[in-house]
Amino acid sequence: MIVNKAKDSGLWVATHIWSAADFHVAISAGVHQIAHMPGFWPKDEAIANTNFESGDFERYRISEADARLAGKKHIQVTTTLGEGLQLTRDPKSKDFANALLDVYRSNLSLLKKNKVEILIGSDQFFSNPQGEALELVRSGLMSAQEALHAWCETTPQAIFPSRKIGKIKKGYEANFLVLSSDPLRDFTVVKEVKMTFKRGLEIKVR
């Protein structure tokens with residue numbers, strides 16, 4: 001009812017989710033955007049913040065049918081997986097890391113297969129999505145090219161659908177960054193911004 005009322009008023013609907021069940025409800029309701037990937041913070045409420053080893057990761061696995069419906073309805077999904085991916089770095093939690101990464105890979109693979117637009121965004125309130133993009137590439141969940149496309153083209157176009165942005169193309173706003181080298185060869189150079197341009201004018205950053 002809330003989604004239908006919002007759409008009738010011409011509003012764009014985004015919803016936060018936690019599990020695959022939430023994803024199903026959001027897809028069924030017909031939201032425009034889902035602002036989390038299932039399992040973005042794999043905390044089992046029964047164990048609170050003690051450890052994550054006993055988590056039931058299957059609750060985060062998206063079904064083929066839901067991924068297909070998300071693609072059919074042109075629903076966009078924001079990653080917010082960076083924090084979960086950071087948890088997988090602990091060498092003492094190999095089984096945890098493998099189980100969680102398997103779910104993440106399965107979900108992203110299903111969404112890509114069904115042509116669901118992936119947006120790059122983090123759940124970090126005091127930083128930009130750079131760390132999110134770096135984690136996605138470091139973990140192998142996205143290639144450098146996939147991450148750049150989602151981060152620099154799909155995401156800004158989703159945020160500002162009425163503006164011509166996200167491409168170096170005639171008629172588009174000349175907003176771009178100059179990096180120290182090719183991020184397709186070494187994605188970490190996205191941290192090495194040498195020049196910043198907004199509408200064709202260089203912005204001097206101290």
# chains A, B, ... in the order shown; residues from 1 in each chain; ligands from 1
>>> residues_around(residues="A:Leu119", least_positions_apart="5", cutoff="10 Å", atoms="only C-alpha atoms", output="ChimeraX atom specification")
/A:33-36,76-80,147,149-159
>>> write_last_selection(atoms="N, CA and C atoms", output="PDB file, in the first residue's frame")
ATOM      1  N   GLN A  33      14.192   0.964  -5.998  1.00  0.00           N
ATOM      2  CA  GLN A  33      15.555   0.629  -5.599  1.00  0.00           C
ATOM      3  C   GLN A  33      15.563  -0.162  -4.302  1.00  0.00           C
ATOM      4  N   ILE A  34      16.528  -1.078  -4.210  1.00  0.00           N
ATOM      5  CA  ILE A  34      16.774  -1.795  -2.965  1.00  0.00           C
ATOM      6  C   ILE A  34      18.136  -1.328  -2.465  1.00  0.00           C
ATOM      7  N   ALA A  35      18.141  -0.766  -1.266  1.00  0.00           N
ATOM      8  CA  ALA A  35      19.321  -0.052  -0.789  1.00  0.00           C
ATOM      9  C   ALA A  35      20.288  -0.899   0.042  1.00  0.00           C
ATOM     10  N   HIS A  36      20.165  -2.186  -0.044  1.00  0.00           N
ATOM     11  CA  HIS A  36      21.152  -3.088   0.554  1.00  0.00           C
ATOM     12  C   HIS A  36      21.145  -4.389  -0.235  1.00  0.00           C
ATOM     13  N   GLN A  76      16.661  -1.432  -9.246  1.00  0.00           N
ATOM     14  CA  GLN A  76      18.094  -1.272  -9.029  1.00  0.00           C
ATOM     15  C   GLN A  76      18.475  -1.723  -7.621  1.00  0.00           C
ATOM     16  N   VAL A  77      19.691  -2.254  -7.483  1.00  0.00           N
ATOM     17  CA  VAL A  77      20.159  -2.763  -6.191  1.00  0.00           C
ATOM     18  C   VAL A  77      21.506  -2.146  -5.851  1.00  0.00           C
ATOM     19  N   THR A  78      21.598  -1.559  -4.665  1.00  0.00           N
ATOM     20  CA  THR A  78      22.852  -0.975  -4.180  1.00  0.00           C
ATOM     21  C   THR A  78      23.612  -2.016  -3.363  1.00  0.00           C
ATOM     22  N   THR A  79      24.921  -2.096  -3.563  1.00  0.00           N
ATOM     23  CA  THR A  79      25.720  -3.183  -2.974  1.00  0.00           C
ATOM     24  C   THR A  79      25.805  -3.134  -1.444  1.00  0.00           C
ATOM     25  N   THR A  80      26.422  -2.108  -0.894  1.00  0.00           N
ATOM     26  CA  THR A  80      26.693  -1.984   0.553  1.00  0.00           C
ATOM     27  C   THR A  80      27.293  -3.252   1.160  1.00  0.00           C
ATOM     28  N   ALA A 147      33.130  -2.544 -11.907  1.00  0.00           N
ATOM     29  CA  ALA A 147      33.030  -1.599 -10.801  1.00  0.00           C
ATOM     30  C   ALA A 147      33.029  -0.163 -11.293  1.00  0.00           C
ATOM     31  N   HIS A 149      32.085   0.934 -14.250  1.00  0.00           N
ATOM     32  CA  HIS A 149      30.817   1.189 -14.947  1.00  0.00           C
ATOM     33  C   HIS A 149      29.698   1.458 -13.943  1.00  0.00           C
ATOM     34  N   ALA A 150      29.616   0.617 -12.915  1.00  0.00           N
ATOM     35  CA  ALA A 150      28.555   0.773 -11.913  1.00  0.00           C
ATOM     36  C   ALA A 150      28.736   2.037 -11.093  1.00  0.00           C
ATOM     37  N   TRP A 151      29.974   2.331 -10.724  1.00  0.00           N
ATOM     38  CA  TRP A 151      30.293   3.441  -9.824  1.00  0.00           C
ATOM     39  C   TRP A 151      30.224   4.795 -10.525  1.00  0.00           C
ATOM     40  N   CYS A 152      30.753   4.859 -11.746  1.00  0.00           N
ATOM     41  CA  CYS A 152      30.898   6.143 -12.438  1.00  0.00           C
ATOM     42  C   CYS A 152      29.774   6.443 -13.426  1.00  0.00           C
ATOM     43  N   GLU A 153      29.032   5.435 -13.838  1.00  0.00           N
ATOM     44  CA  GLU A 153      27.984   5.651 -14.839  1.00  0.00           C
ATOM     45  C   GLU A 153      26.594   5.322 -14.297  1.00  0.00           C
ATOM     46  N   THR A 154      26.371   4.060 -13.934  1.00  0.00           N
ATOM     47  CA  THR A 154      25.038   3.638 -13.506  1.00  0.00           C
ATOM     48  C   THR A 154      24.570   4.364 -12.248  1.00  0.00           C
ATOM     49  N   THR A 155      25.453   4.466 -11.249  1.00  0.00           N
ATOM     50  CA  THR A 155      25.053   5.073  -9.971  1.00  0.00           C
ATOM     51  C   THR A 155      24.709   6.553 -10.082  1.00  0.00           C
ATOM     52  N   PRO A 156      25.582   7.391 -10.664  1.00  0.00           N
ATOM     53  CA  PRO A 156      25.203   8.804 -10.776  1.00  0.00           C
ATOM     54  C   PRO A 156      23.960   9.032 -11.627  1.00  0.00           C
ATOM     55  N   GLN A 157      23.769   8.215 -12.657  1.00  0.00           N
ATOM     56  CA  GLN A 157      22.573   8.352 -13.486  1.00  0.00           C
ATOM     57  C   GLN A 157      21.325   7.961 -12.715  1.00  0.00           C
ATOM     58  N   ALA A 158      21.465   7.032 -11.761  1.00  0.00           N
ATOM     59  CA  ALA A 158      20.324   6.649 -10.925  1.00  0.00           C
ATOM     60  C   ALA A 158      19.988   7.754  -9.925  1.00  0.00           C
ATOM     61  N   ILE A 159      21.022   8.444  -9.425  1.00  0.00           N
ATOM     62  CA  ILE A 159      20.807   9.518  -8.459  1.00  0.00           C
ATOM     63  C   ILE A 159      20.227  10.763  -9.133  1.00  0.00           C
TER      64      ILE A 159
END
>>> residues_around(residues="A:Glu135", least_positions_apart="6", cutoff="9 Å", atoms="only C-alpha atoms", output="number ranges by chain")
A: 81-83, 85-86, 141
>>> closest_atom_pairs(of="stretch 31-104 of chain A", to="stretch 108-115 of chain A", cutoff="7 Å", atoms="only C-alpha atoms", output="CSV")
residue,atom,partner,partner_atom,distance
A:Glu64,CA,A:Leu110,CA,6.6
A:Ala67,CA,A:Leu111,CA,5.5
A:Arg68,CA,A:Asn114,CA,5.4
A:Gly71,CA,A:Asn114,CA,5.3
A:Tyr104,CA,A:Leu108,CA,6.2
>>> select_by_dssp(residues="chain A", states="strand (DSSP E or B)", output="list in words")
Ala14, Thr15, Gln33, Ile34, Gln76, Val77, Thr78, Ile118, Leu119, Phe176, Leu177, Val178, Leu179, Val193, Lys194, Met195, Thr196, Phe197, Lys198, Leu201, Glu202 and Ile203 of chain A
>>> residues_around(residues="stretch 187-196 of chain A", least_positions_apart="5", cutoff="10 Å", atoms="only C-alpha atoms", output="mmCIF file with C-alpha atoms, in the first residue's frame")
data_model
loop_
_atom_site.group_PDB
_atom_site.id
_atom_site.type_symbol
_atom_site.label_atom_id
_atom_site.label_comp_id
_atom_site.auth_asym_id
_atom_site.auth_seq_id
_atom_site.Cartn_x
_atom_site.Cartn_y
_atom_site.Cartn_z
ATOM 1 C CA GLN A 130 35.440 4.532 -2.696
ATOM 2 C CA GLY A 131 36.109 1.871 -0.049
ATOM 3 C CA ALA A 133 34.310 -0.173 -4.814
ATOM 4 C CA LEU A 134 37.797 -1.196 -3.686
ATOM 5 C CA VAL A 137 37.216 -5.525 -6.784
ATOM 6 C CA ARG A 138 39.671 -6.826 -4.155
ATOM 7 C CA SER A 143 36.050 -6.789 -12.208
ATOM 8 C CA ALA A 144 37.636 -3.348 -12.377
ATOM 9 C CA GLN A 145 35.621 -2.597 -15.510
ATOM 10 C CA ALA A 147 33.030 -1.599 -10.801
ATOM 11 C CA LEU A 148 33.942 1.504 -12.794
ATOM 12 C CA ASN A 175 32.483 16.009 -14.907
ATOM 13 C CA PHE A 176 35.482 13.718 -14.546
ATOM 14 C CA LEU A 177 38.595 12.840 -12.574
ATOM 15 C CA VAL A 178 42.152 12.411 -13.792
ATOM 16 C CA LEU A 179 43.951 9.501 -12.114
ATOM 17 C CA SER A 180 47.648 8.713 -11.920
ATOM 18 C CA SER A 181 47.322 5.665 -14.197
ATOM 19 C CA ASP A 182 44.870 3.172 -15.723
ATOM 20 C CA LEU A 201 36.306 23.526 -15.245
ATOM 21 C CA GLU A 202 39.114 22.282 -13.033
ATOM 22 C CA ILE A 203 38.370 22.324 -9.323
ATOM 23 C CA LYS A 204 41.448 22.964 -7.211
ATOM 24 C CA VAL A 205 41.424 20.600 -4.236
#
>>> atom_distance(atom1="atom CA of A:Arg105", atom2="atom CA of A:Val13")
26.2 Å
>>> closest_residue(among="A:Lys167, A:Arg61, A:Lys73, A:His16", to="A:His32", atoms="only C-alpha atoms")
A:Lys73
>>> select_by_dssp(residues="chain A", states="helix (DSSP H, G or I)", output="PyMOL selection string")
chain A and resi 2-8+20-29+57-60+64-72+82-87+91-113+130-138+144-159+187-191
>>> closest_residue(among="A:Gly171, A:Pro42, A:Pro183, A:Pro161", to="A:Trp12", atoms="only C-alpha atoms")
A:Pro161
>>> residues_around(residues="A:Leu69", least_positions_apart="3", cutoff="10 Å", atoms="only C-alpha atoms", output="number ranges by chain")
A: 24, 27-28, 30, 63-66, 72-75, 111, 114, 116
>>> closest_residue(among="A:Leu101, A:Ile165, A:Ala70, A:Met142", to="A:Gly39", atoms="only C-alpha atoms")
A:Leu101
>>> atom_distance(atom1="atom CA of A:Ala29", atom2="atom CA of A:Asn4")
8.1 Å
>>> atom_distance(atom1="atom CA of A:Phe23", atom2="atom CA of A:Asp90")
27.9 Å
